[in-house]
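Heads up: the structure comes next, in structure tokens.
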Amino acid sequence: MSTSSPLQPSTLRARAERLRALVADGVLVLPNAWDAGSAAVIAAAGAAAIATTSGGVSWSLGRGDGQRLDRATAVEAARRVAAAVDLPVTVDAEGGYGPSADDVAETVRALVGAGAAGVNLEDSAAPGGPLFTVEEQAGRLRAARSAAEAAGLPELLVNARTDVLLFGLGGLDEVLVRAEAYAAAGADGLFVPGLLDLEALAELCARTPLPVNAMAVAGGPGVAELAAAGVRRISVGTALAQFAYTAARRAAAELLGPGALTEPVGALGYGDVDALFRG
């Protein structure tokens, strides 16, 4: 597997610094991409940065979500996304594609080589749990930080995801213990999927040493409400990929059933999409 970056080192450092500034200076909204095409469309819509979703990436490659990709496949998918846009790209690296600190370090080195300006690393050892212990995950995050520095990108933004609440494995106090340990290990942000209660989010944002990332969902609090609670980074996980696949299924069902093709009314034109990849 090639580890050469599609970007010059100075360009990648500038993108990582930009990603950090977007979180530090305001609220970063990230409609998650799952391939080069979706990344280009999201960039054209006005996104300031691109985040990938491991679920969407896995589906686009014919795999189920939940740490079912191998490192090489995940890194090549990230490389294609980073090459498709002129924006910082933060990559959902799931659990680091291996349980050990060395596994995480190898993944981070490869993703930096692929052009990633940031990574998400979760503390789940497997979908649904168990979680790595606080000490284990802190060691894995330290390895990520050291690997980024060794790869020439100390500016890499490491977003530490904890699945304590998502999998019902503890409460807010456990999240806060992990947040403190993860910050000390070099994490730059805290992602807590499954937490959308605005009061609890406000408490977490006030008490944690790290900027908080929340995952917005259809029917849940909007960007303004999450921002008012103190959230600094907002992503949507697999939502956009689900919407895209839903539109494709509806259009296919219409064509195979009534025999018409009215579902894609309002869709981007062929030329609009093709132009995103010409230059």
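Every chain in the structure tokens has a letter given in the order shown (A, B, ...), and although residue numbers restart at 1 in each chain, ligands are simply numbered from 1 in the order shown.
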Close residues, Arg13 of chain A itself excluded, 10 Å, only C-alpha atoms, min 5 positions apart in chain, as a ChimeraX atom specification: /A:7-8,18-19,88,115-117,152-156
Writer output for current selection, N, CA and C atoms, as a PDB file, in the first residue's frame:
ATOM      1  N   LEU A   7      -1.011  15.340  -1.277  1.00  0.00           N
ATOM      2  CA  LEU A   7      -0.824  16.749  -0.974  1.00  0.00           C
ATOM      3  C   LEU A   7       0.613  17.041  -0.587  1.00  0.00           C
ATOM      4  N   GLN A   8       1.061  18.248  -0.901  1.00  0.00           N
ATOM      5  CA  GLN A   8       2.346  18.692  -0.395  1.00  0.00           C
ATOM      6  C   GLN A   8       2.260  18.829   1.124  1.00  0.00           C
ATOM      7  N   ARG A  18      -6.304  24.760   9.465  1.00  0.00           N
ATOM      8  CA  ARG A  18      -7.629  25.315   9.155  1.00  0.00           C
ATOM      9  C   ARG A  18      -8.718  24.541   9.882  1.00  0.00           C
ATOM     10  N   LEU A  19      -8.600  23.218   9.913  1.00  0.00           N
ATOM     11  CA  LEU A  19      -9.590  22.407  10.606  1.00  0.00           C
ATOM     12  C   LEU A  19      -9.633  22.763  12.086  1.00  0.00           C
ATOM     13  N   PRO A  88     -10.056  20.766   4.171  1.00  0.00           N
ATOM     14  CA  PRO A  88      -9.592  19.797   5.173  1.00  0.00           C
ATOM     15  C   PRO A  88     -10.523  18.589   5.215  1.00  0.00           C
ATOM     16  N   GLY A 115      -3.591  12.054   3.122  1.00  0.00           N
ATOM     17  CA  GLY A 115      -4.069  13.429   3.046  1.00  0.00           C
ATOM     18  C   GLY A 115      -5.071  13.829   4.103  1.00  0.00           C
ATOM     19  N   ALA A 116      -5.209  13.041   5.173  1.00  0.00           N
ATOM     20  CA  ALA A 116      -6.156  13.380   6.233  1.00  0.00           C
ATOM     21  C   ALA A 116      -5.608  14.513   7.093  1.00  0.00           C
ATOM     22  N   ALA A 117      -6.473  15.497   7.379  1.00  0.00           N
ATOM     23  CA  ALA A 117      -6.129  16.593   8.283  1.00  0.00           C
ATOM     24  C   ALA A 117      -6.611  16.328   9.698  1.00  0.00           C
ATOM     25  N   GLY A 152       5.087  13.921  10.377  1.00  0.00           N
ATOM     26  CA  GLY A 152       5.258  15.297   9.932  1.00  0.00           C
ATOM     27  C   GLY A 152       4.015  16.147  10.016  1.00  0.00           C
ATOM     28  N   LEU A 153       2.995  15.669  10.755  1.00  0.00           N
ATOM     29  CA  LEU A 153       1.756  16.443  10.877  1.00  0.00           C
ATOM     30  C   LEU A 153       1.329  16.525  12.346  1.00  0.00           C
ATOM     31  N   PRO A 154       2.097  17.232  13.172  1.00  0.00           N
ATOM     32  CA  PRO A 154       1.680  17.376  14.578  1.00  0.00           C
ATOM     33  C   PRO A 154       0.358  18.121  14.719  1.00  0.00           C
ATOM     34  N   GLU A 155      -0.034  18.849  13.653  1.00  0.00           N
ATOM     35  CA  GLU A 155      -1.290  19.603  13.689  1.00  0.00           C
ATOM     36  C   GLU A 155      -2.525  18.718  13.494  1.00  0.00           C
ATOM     37  N   LEU A 156      -2.357  17.446  13.172  1.00  0.00           N
ATOM     38  CA  LEU A 156      -3.494  16.554  12.961  1.00  0.00           C
ATOM     39  C   LEU A 156      -4.500  16.690  14.099  1.00  0.00           C
TER      40      LEU A 156
END
Env of segment 130-139 of chain A: 7 Å cut, atoms = only C-alpha atoms, seq-sep filter 3 positions within chain, self excluded. Answer as a list in words. Ala101, Asp123, Ser124, Ala125, Ala126, Arg142, Ala143, Arg178, Ala181, Tyr182 and Ala185 of chain A
Restricting the output to N, CA and C atoms, write the selected residues as a short mmCIF file (atom, residue, chain, number, x, y, z; two decimals), in the first residue's frame.
data_model
loop_
_atom_site.label_atom_id
_atom_site.label_comp_id
_atom_site.auth_asym_id
_atom_site.auth_seq_id
_atom_site.Cartn_x
_atom_site.Cartn_y
_atom_site.Cartn_z
N ALA A 101 -2.07 -0.12 20.52
CA ALA A 101 -1.57 1.22 20.25
C ALA A 101 -0.76 1.23 18.95
N ASP A 123 -13.60 4.47 21.12
CA ASP A 123 -13.11 3.62 22.20
C ASP A 123 -13.84 2.29 22.30
N SER A 124 -14.59 1.93 21.24
CA SER A 124 -15.25 0.62 21.21
C SER A 124 -14.29 -0.43 20.69
N ALA A 125 -14.20 -1.52 21.40
CA ALA A 125 -13.41 -2.64 20.91
C ALA A 125 -14.18 -3.42 19.85
N ALA A 126 -15.51 -3.30 19.86
CA ALA A 126 -16.38 -3.96 18.90
C ALA A 126 -17.73 -3.24 18.92
N ARG A 142 -2.46 8.42 22.73
CA ARG A 142 -1.07 8.89 22.77
C ARG A 142 -0.30 8.37 21.55
N ALA A 143 -0.58 7.14 21.18
CA ALA A 143 0.08 6.57 20.00
C ALA A 143 -0.32 7.32 18.74
N ARG A 178 -13.56 9.84 31.03
CA ARG A 178 -12.85 9.53 29.79
C ARG A 178 -12.39 10.81 29.09
N ALA A 181 -9.17 12.03 30.66
CA ALA A 181 -8.03 11.16 30.32
C ALA A 181 -7.65 11.31 28.85
N TYR A 182 -8.65 11.43 27.98
CA TYR A 182 -8.37 11.54 26.56
C TYR A 182 -7.69 12.88 26.25
N ALA A 185 -4.17 12.69 27.08
CA ALA A 185 -3.44 11.83 26.16
C ALA A 185 -3.19 12.50 24.81
#
Which residue of A:Gly37, A:Gly96, A:Gly186, A:Gly129 approaches Ser60 of chain A most closely, using only C-alpha atoms: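 Nearest to Ser60 of chain A: A:Gly37.
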Mind pulling up the distance from atom CA of Leu204 of chain A to atom CA of Gly220 of chain A?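 Going from atom CA of Gly220 of chain A over to atom CA of Leu204 of chain A covers 17.9 Å.
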Backbone-only DSSP, alpha helix (DSSP H) members of segment 108-223 of chain A, as a ChimeraX atom specification: /A:108-114,134-150,172-184,198-207,223
Hey, could you make a per-residue contact list for segment 28-122 of chain A against segment 206-218 of chain A with 10 Å as the cut-off, showing the nearest pair of atoms and its distance in Å to one decimal, counting only C-alpha atoms, sorted by chain and number, as JSON lines?
{"residue": "A:Leu28", "atom": "CA", "partner": "A:Asn213", "partner_atom": "CA", "distance": 9.0}
{"residue": "A:Val29", "atom": "CA", "partner": "A:Asn213", "partner_atom": "CA", "distance": 9.6}
{"residue": "A:Leu30", "atom": "CA", "partner": "A:Met215", "partner_atom": "CA", "distance": 9.5}
{"residue": "A:Pro31", "atom": "CA", "partner": "A:Ala216", "partner_atom": "CA", "distance": 9.7}
